[in-house]
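Asks: Take this structure first; my questions come after.
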Amino acid sequence: MDLACYQFEPRFGDAAENLSRIERGLTGRKADLVVLPELCTTGYVFESRDELAACAEPLPGPSTERLQDIAKALGGAVCAGIAERDGDRLYNSAALVDPTGFIGRYRKVHLFDREYDWFDGGDDGFHVFEVGGVRVGIMICFDWFYPESMRTLTLMGAEVIAH
């Protein structure tokens, strides 16, 4: 599996610009899986839950549609951190898409510091998805601090961890 990551500093609250920056940064690249930063579509430090709510979106949603186009150009999958809205709940999530569409999402289980002021804790555990015949698990940031996160994904058959 050809793995890549794309690190950049997202412009706070500007998903359209951040997705354009991702697209420009990955133009001409090929990879089976690209991992993007936590909350790459919105930026990270929110002042309030209301500010987060204004940026959050459903998954799948507008950002995953745009990421699907990026995945088509890459010829592989993209794992991206997105602020997710599901009803009145807000999650620090990672979406996984490939050229065919939305594969799935992971909601961050282990929140850190002020994240408790903004986000609801992930409520559906860890997941492993197939990407190009490889089993991929997803974690976000502070999940690494808890060995059970990696152990759980490994026991579920993950061969690669997008983190």
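Residues are named by chain letter and number: chains run A, B, ... in the order of the structure tokens, numbers start at 1 in each chain, and ligands are numbered from 1 in the order shown.
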Near region 45-47 of chain A, within 9 Å and counting only C-alpha atoms, which residues show up once chain neighbours fewer than 2 positions away are dropped, as a ChimeraX atom specification?
Replies: /A:12,43,49-52,114-115,118
Asks: Store the residues picked out above, limited to N, CA, C and O atoms, as a short mmCIF file (atom, residue, chain, number, x, y, z; two decimals), in the first residue's frame.
Replies:
```cif
data_model
loop_
_atom_site.label_atom_id
_atom_site.label_comp_id
_atom_site.auth_asym_id
_atom_site.auth_seq_id
_atom_site.Cartn_x
_atom_site.Cartn_y
_atom_site.Cartn_z
N PHE A 12 -8.96 28.80 9.80
CA PHE A 12 -10.05 28.54 10.74
C PHE A 12 -11.41 28.91 10.13
O PHE A 12 -11.61 30.00 9.61
N GLY A 43 -10.17 23.80 10.97
CA GLY A 43 -9.24 24.29 11.98
C GLY A 43 -9.67 23.73 13.32
O GLY A 43 -10.68 23.02 13.43
N ARG A 49 -19.02 26.04 21.82
CA ARG A 49 -19.75 24.98 21.12
C ARG A 49 -20.58 25.57 19.97
O ARG A 49 -20.71 24.95 18.92
N ASP A 50 -21.11 26.79 20.17
CA ASP A 50 -21.87 27.44 19.10
C ASP A 50 -21.00 27.71 17.88
O ASP A 50 -21.44 27.55 16.74
N GLU A 51 -19.76 28.12 18.11
CA GLU A 51 -18.85 28.36 17.00
C GLU A 51 -18.57 27.05 16.26
O GLU A 51 -18.55 27.02 15.03
N LEU A 52 -18.38 25.98 17.00
CA LEU A 52 -18.19 24.66 16.39
C LEU A 52 -19.43 24.26 15.60
O LEU A 52 -19.33 23.80 14.46
N ARG A 114 -9.86 20.98 26.34
CA ARG A 114 -11.06 21.77 26.07
C ARG A 114 -12.02 21.12 25.07
O ARG A 114 -13.13 21.62 24.87
N GLU A 115 -11.60 20.04 24.45
CA GLU A 115 -12.51 19.36 23.53
C GLU A 115 -13.81 18.96 24.23
O GLU A 115 -14.86 18.90 23.60
N TRP A 118 -16.48 21.46 23.71
CA TRP A 118 -16.99 21.63 22.35
C TRP A 118 -17.68 20.39 21.79
O TRP A 118 -18.72 20.50 21.15
#
```
Asks: List the spatial neighbours of Ala15 (chain A) as an mmCIF file with all heavy atoms, in the first residue's frame - criterion: any atom at most 10 Å away, only C-alpha atoms, same-chain residues fewer than 4 positions off excluded.
Replies:
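So selection-v5.cif came out as:
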```
data_model
loop_
_atom_site.group_PDB
_atom_site.id
_atom_site.type_symbol
_atom_site.label_atom_id
_atom_site.label_comp_id
_atom_site.auth_asym_id
_atom_site.auth_seq_id
_atom_site.Cartn_x
_atom_site.Cartn_y
_atom_site.Cartn_z
ATOM 1 N N PRO A 10 -4.732 24.582 8.548
ATOM 2 C CA PRO A 10 -6.044 24.979 8.038
ATOM 3 C C PRO A 10 -6.392 26.420 8.410
ATOM 4 O O PRO A 10 -6.025 26.903 9.478
ATOM 5 C CB PRO A 10 -7.012 24.013 8.728
ATOM 6 C CG PRO A 10 -6.175 22.854 9.148
ATOM 7 C CD PRO A 10 -4.821 23.430 9.455
ATOM 8 N N ARG A 11 -7.107 27.080 7.513
ATOM 9 C CA ARG A 11 -7.643 28.406 7.797
ATOM 10 C C ARG A 11 -8.923 28.206 8.616
ATOM 11 O O ARG A 11 -9.855 27.529 8.175
ATOM 12 C CB ARG A 11 -7.942 29.166 6.524
ATOM 13 C CG ARG A 11 -8.458 30.575 6.799
ATOM 14 C CD ARG A 11 -8.681 31.370 5.552
ATOM 15 N NE ARG A 11 -7.420 31.579 4.853
ATOM 16 C CZ ARG A 11 -7.352 31.926 3.578
ATOM 17 N NH1 ARG A 11 -8.455 32.085 2.867
ATOM 18 N NH2 ARG A 11 -6.184 32.113 3.000
ATOM 19 N N LEU A 19 -10.331 22.865 1.749
ATOM 20 C CA LEU A 19 -10.456 21.783 0.768
ATOM 21 C C LEU A 19 -9.736 22.142 -0.527
ATOM 22 O O LEU A 19 -9.109 21.282 -1.154
ATOM 23 C CB LEU A 19 -11.922 21.448 0.524
ATOM 24 C CG LEU A 19 -12.582 20.720 1.696
ATOM 25 C CD1 LEU A 19 -14.106 20.798 1.593
ATOM 26 C CD2 LEU A 19 -12.120 19.269 1.773
ATOM 27 N N SER A 20 -9.774 23.401 -0.910
ATOM 28 C CA SER A 20 -9.024 23.845 -2.096
ATOM 29 C C SER A 20 -7.525 23.697 -1.872
ATOM 30 O O SER A 20 -6.794 23.274 -2.774
ATOM 31 C CB SER A 20 -9.355 25.304 -2.432
ATOM 32 O OG SER A 20 -10.677 25.404 -2.894
ATOM 33 N N ARG A 21 -7.059 24.046 -0.683
ATOM 34 C CA ARG A 21 -5.636 23.893 -0.368
ATOM 35 C C ARG A 21 -5.223 22.427 -0.407
ATOM 36 O O ARG A 21 -4.144 22.085 -0.910
ATOM 37 C CB ARG A 21 -5.333 24.495 0.997
ATOM 38 C CG ARG A 21 -5.436 26.026 0.981
ATOM 39 C CD ARG A 21 -5.257 26.624 2.333
ATOM 40 N NE ARG A 21 -3.874 26.432 2.791
ATOM 41 C CZ ARG A 21 -3.498 26.648 4.044
ATOM 42 N NH1 ARG A 21 -4.367 27.036 4.955
ATOM 43 N NH2 ARG A 21 -2.243 26.475 4.379
ATOM 44 N N LEU A 39 -9.433 17.677 12.074
ATOM 45 C CA LEU A 39 -10.237 18.878 11.823
ATOM 46 C C LEU A 39 -9.657 19.735 10.706
ATOM 47 O O LEU A 39 -9.670 20.965 10.768
ATOM 48 C CB LEU A 39 -10.427 19.677 13.111
ATOM 49 C CG LEU A 39 -11.186 18.918 14.210
ATOM 50 C CD1 LEU A 39 -11.116 19.684 15.528
ATOM 51 C CD2 LEU A 39 -12.622 18.648 13.811
ATOM 52 N N CYS A 40 -9.204 19.090 9.643
ATOM 53 C CA CYS A 40 -8.536 19.803 8.551
ATOM 54 C C CYS A 40 -9.473 20.701 7.761
ATOM 55 O O CYS A 40 -9.011 21.626 7.093
ATOM 56 C CB CYS A 40 -7.823 18.827 7.625
ATOM 57 S SG CYS A 40 -8.899 17.724 6.697
ATOM 58 N N THR A 41 -10.761 20.480 7.823
ATOM 59 C CA THR A 41 -11.672 21.338 7.067
ATOM 60 C C THR A 41 -12.055 22.605 7.819
ATOM 61 O O THR A 41 -12.470 23.578 7.201
ATOM 62 C CB THR A 41 -12.955 20.588 6.656
ATOM 63 O OG1 THR A 41 -13.634 20.141 7.828
ATOM 64 C CG2 THR A 41 -12.637 19.420 5.743
ATOM 65 N N THR A 42 -11.911 22.606 9.151
ATOM 66 C CA THR A 42 -12.379 23.744 9.947
ATOM 67 C C THR A 42 -11.300 24.439 10.756
ATOM 68 O O THR A 42 -11.518 25.549 11.232
ATOM 69 C CB THR A 42 -13.439 23.287 10.971
ATOM 70 O OG1 THR A 42 -12.855 22.303 11.825
ATOM 71 C CG2 THR A 42 -14.672 22.746 10.295
ATOM 72 N N GLY A 43 -10.173 23.804 10.971
ATOM 73 C CA GLY A 43 -9.236 24.286 11.976
ATOM 74 C C GLY A 43 -9.669 23.730 13.318
ATOM 75 O O GLY A 43 -10.676 23.021 13.427
ATOM 76 N N CYS A 55 -19.710 25.409 12.119
ATOM 77 C CA CYS A 55 -18.766 24.803 11.165
ATOM 78 C C CYS A 55 -19.046 23.331 10.884
ATOM 79 O O CYS A 55 -18.589 22.803 9.870
ATOM 80 C CB CYS A 55 -17.344 24.903 11.713
ATOM 81 S SG CYS A 55 -16.697 26.554 11.906
ATOM 82 N N ALA A 56 -19.738 22.671 11.786
ATOM 83 C CA ALA A 56 -19.928 21.223 11.682
ATOM 84 C C ALA A 56 -20.884 20.867 10.550
ATOM 85 O O ALA A 56 -21.753 21.656 10.175
ATOM 86 C CB ALA A 56 -20.441 20.673 13.011
ATOM 87 N N PRO A 62 -21.040 17.764 2.461
ATOM 88 C CA PRO A 62 -20.349 18.554 1.430
ATOM 89 C C PRO A 62 -18.838 18.294 1.365
ATOM 90 O O PRO A 62 -18.277 18.179 0.281
ATOM 91 C CB PRO A 62 -20.633 20.005 1.841
ATOM 92 C CG PRO A 62 -21.854 19.936 2.695
ATOM 93 C CD PRO A 62 -21.826 18.599 3.371
ATOM 94 N N SER A 63 -18.181 18.196 2.513
ATOM 95 C CA SER A 63 -16.728 17.973 2.489
ATOM 96 C C SER A 63 -16.380 16.591 1.959
ATOM 97 O O SER A 63 -15.404 16.442 1.215
ATOM 98 C CB SER A 63 -16.130 18.170 3.880
ATOM 99 O OG SER A 63 -16.156 19.535 4.241
ATOM 100 N N ILE A 82 -12.889 15.882 10.272
ATOM 101 C CA ILE A 82 -14.016 16.777 9.988
ATOM 102 C C ILE A 82 -14.857 16.942 11.247
ATOM 103 O O ILE A 82 -15.127 15.975 11.956
ATOM 104 C CB ILE A 82 -14.883 16.208 8.840
ATOM 105 C CG1 ILE A 82 -14.055 16.107 7.557
ATOM 106 C CG2 ILE A 82 -16.139 17.044 8.635
ATOM 107 C CD1 ILE A 82 -14.794 15.488 6.383
#
```
Asks: Nearest to Asp69 (chain A) among A:Glu23, A:Asp88, A:Asp120, A:Asp32, with distances taken over only C-alpha atoms: which residue is it?
Replies: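 Of A:Glu23, A:Asp88, A:Asp120, A:Asp32, the one nearest Asp69 (chain A), counting only C-alpha atoms, is A:Glu23.
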Asks: Any idea what the distance is between CA of Pro58 (chain A) and CA of Gly101 (chain A)?
Replies: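 Answer for the CA of Pro58 (chain A) to CA of Gly101 (chain A) separation: 14.6 Å.
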Asks: List the spatial neighbours of Leu36 (chain A) as JSON, numbers by chain - criterion: any atom at most 7 Å away, only C-alpha atoms, same-chain residues fewer than 6 positions off excluded.
Replies: {"A": [5, 6, 7, 79, 80, 81]}
Asks: Atoms to include: all heavy atoms. Write the selected residues as a PDB file, in the first residue's frame.
Replies:
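Writing the result to part_7.pdb gives the following:
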```pdb
ATOM      1  N   CYS A   5       0.758  11.344   3.693  1.00  0.00           N
ATOM      2  CA  CYS A   5       0.044  12.290   4.542  1.00  0.00           C
ATOM      3  C   CYS A   5       0.280  13.683   3.969  1.00  0.00           C
ATOM      4  O   CYS A   5       1.269  13.916   3.270  1.00  0.00           O
ATOM      5  CB  CYS A   5       0.484  12.209   5.996  1.00  0.00           C
ATOM      6  SG  CYS A   5       2.207  12.604   6.264  1.00  0.00           S
ATOM      7  N   TYR A   6      -0.650  14.572   4.253  1.00  0.00           N
ATOM      8  CA  TYR A   6      -0.518  15.946   3.800  1.00  0.00           C
ATOM      9  C   TYR A   6      -0.775  16.833   5.004  1.00  0.00           C
ATOM     10  O   TYR A   6      -1.883  16.869   5.538  1.00  0.00           O
ATOM     11  CB  TYR A   6      -1.520  16.256   2.678  1.00  0.00           C
ATOM     12  CG  TYR A   6      -1.423  17.677   2.196  1.00  0.00           C
ATOM     13  CD1 TYR A   6      -0.286  18.135   1.548  1.00  0.00           C
ATOM     14  CD2 TYR A   6      -2.464  18.571   2.399  1.00  0.00           C
ATOM     15  CE1 TYR A   6      -0.185  19.444   1.117  1.00  0.00           C
ATOM     16  CE2 TYR A   6      -2.375  19.881   1.972  1.00  0.00           C
ATOM     17  CZ  TYR A   6      -1.231  20.316   1.324  1.00  0.00           C
ATOM     18  OH  TYR A   6      -1.133  21.607   0.904  1.00  0.00           O
ATOM     19  N   GLN A   7       0.262  17.510   5.460  1.00  0.00           N
ATOM     20  CA  GLN A   7       0.188  18.374   6.628  1.00  0.00           C
ATOM     21  C   GLN A   7       0.120  19.828   6.173  1.00  0.00           C
ATOM     22  O   GLN A   7       0.877  20.237   5.290  1.00  0.00           O
ATOM     23  CB  GLN A   7       1.426  18.159   7.510  1.00  0.00           C
ATOM     24  CG  GLN A   7       1.405  18.930   8.802  1.00  0.00           C
ATOM     25  CD  GLN A   7       0.355  18.419   9.775  1.00  0.00           C
ATOM     26  OE1 GLN A   7       0.038  17.239   9.807  1.00  0.00           O
ATOM     27  NE2 GLN A   7      -0.192  19.306  10.562  1.00  0.00           N
ATOM     28  N   CYS A  79      -8.427   9.946   4.164  1.00  0.00           N
ATOM     29  CA  CYS A  79      -8.941   9.972   5.530  1.00  0.00           C
ATOM     30  C   CYS A  79      -8.743  11.393   6.049  1.00  0.00           C
ATOM     31  O   CYS A  79      -7.602  11.866   6.103  1.00  0.00           O
ATOM     32  CB  CYS A  79      -8.191   8.963   6.387  1.00  0.00           C
ATOM     33  SG  CYS A  79      -8.814   8.872   8.081  1.00  0.00           S
ATOM     34  N   ALA A  80      -9.842  12.068   6.401  1.00  0.00           N
ATOM     35  CA  ALA A  80      -9.777  13.491   6.751  1.00  0.00           C
ATOM     36  C   ALA A  80     -10.542  13.783   8.026  1.00  0.00           C
ATOM     37  O   ALA A  80     -11.658  13.305   8.216  1.00  0.00           O
ATOM     38  CB  ALA A  80     -10.360  14.321   5.608  1.00  0.00           C
ATOM     39  N   GLY A  81      -9.950  14.621   8.878  1.00  0.00           N
ATOM     40  CA  GLY A  81     -10.613  15.050  10.098  1.00  0.00           C
ATOM     41  C   GLY A  81     -11.652  16.121   9.819  1.00  0.00           C
ATOM     42  O   GLY A  81     -11.344  17.135   9.191  1.00  0.00           O
TER      43      GLY A  81
END
```
Asks: What is the CA of Asp2 (chain A) to CA of Ala95 (chain A) distance in Å?
Replies: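 So the two atoms, CA of Asp2 (chain A) and CA of Ala95 (chain A), lie 19.0 Å apart.
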Asks: Counting only C-alpha atoms, what is within 7 Å of Tyr106 (chain A), bar same-chain residues fewer than 3 positions away, as a count of residues only?
Replies: 6
Asks: Name the closest residue to Glu57 (chain A) among the candidates A:Leu74, A:Leu90, A:Val97, A:Val35; distances are taken between atoms, counting only C-alpha atoms.
Replies: A:Leu90
Asks: List as a ChimeraX atom specification the protein and nucleic acid residues near Leu111 (chain A), meaning an atom at most 12 Å away when only C-alpha atoms are counted, but skip any in the same chain fewer than 2 places from it.
Replies: /A:91-93,107-109,113-123,139-146
Asks: What are the DSSP alpha helix (DSSP H) residues of region 45-112 of chain A, as JSON, numbers by chain?
Replies: {"A": [49, 50, 51, 52, 53, 54, 55, 62, 63, 64, 65, 66, 67, 68, 69, 70, 71, 72, 73, 74]}
Asks: Which residues are near Ala31 (chain A)? Cut-off 8 Å, only C-alpha atoms, ignore same chain within fewer than 6 positions. Put them as a list in words.
Replies: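 Skipping anything fewer than 6 positions along the chain leaves Asp2, Leu3, Ala4, Leu74, Gly75, Gly76 and Ala77 of chain A.
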Asks: Would you save the residues of that selection, restricted to N, CA and C atoms, as a compact mmCIF listing (two decimals), in the first residue's frame?
Replies:
```txt
# COMPACT_ATOMS: atom_id res chain seq x y z
N ASP A 2 0.60 2.16 -0.90
CA ASP A 2 1.32 3.43 -0.98
C ASP A 2 0.60 4.44 -0.09
N LEU A 3 1.22 4.78 1.06
CA LEU A 3 0.62 5.67 2.05
C LEU A 3 1.23 7.05 1.95
N ALA A 4 0.43 8.07 2.24
CA ALA A 4 0.93 9.45 2.25
C ALA A 4 0.17 10.25 3.29
N LEU A 74 -6.40 11.17 -6.98
CA LEU A 74 -5.30 10.43 -6.36
C LEU A 74 -5.26 8.97 -6.80
N GLY A 75 -6.43 8.45 -7.15
CA GLY A 75 -6.53 7.03 -7.44
C GLY A 75 -6.52 6.18 -6.19
N GLY A 76 -6.94 6.77 -5.07
CA GLY A 76 -6.93 6.05 -3.79
C GLY A 76 -7.94 6.64 -2.83
N ALA A 77 -7.72 6.40 -1.55
CA ALA A 77 -8.64 6.84 -0.51
C ALA A 77 -8.06 8.03 0.25
```
Asks: DSSP on the backbone: which residues in chain A end up as strand (DSSP E)? Give the answer as an MDAnalysis selection string.
Replies: chainID A and resid 3:5 33:35 77:86 89:98 101:107 128:131 134:138 160:162
Asks: Using only C-alpha atoms, which protein or nucleic acid residues come within 8 Å of Glu159 (chain A)? Drop anything in the same chain fewer than 4 positions from it, and give the result as a ChimeraX atom specification.
Replies: /A:134-137,154
Asks: Would you mind exporting the chosen residues as a CSV table (one decimal), in the first residue's frame, restricted to C-alpha atoms?
Replies:
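Contents of selection.csv, freshly written:
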```
chain,number,residue,atom,x,y,z
A,134,VAL,CA,-6.0,-3.6,3.1
A,135,ARG,CA,-7.8,-3.3,6.5
A,136,VAL,CA,-7.5,0.2,7.8
A,137,GLY,CA,-8.4,1.4,11.3
A,154,THR,CA,-5.5,-4.6,15.8
```
Asks: Report, in Å to a single decimal, how far apart CA of Phe129 (chain A) and CA of Leu153 (chain A) are.
Replies: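 Separation between CA of Leu153 (chain A) and CA of Phe129 (chain A): 10.4 Å.
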Asks: With only C-alpha atoms as the basis for distance, which of A:Phe112, A:Ala83, A:Arg105, A:Glu9 is at the shortest distance from Asp124 (chain A)?
Replies: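 Closest candidate: A:Arg105.
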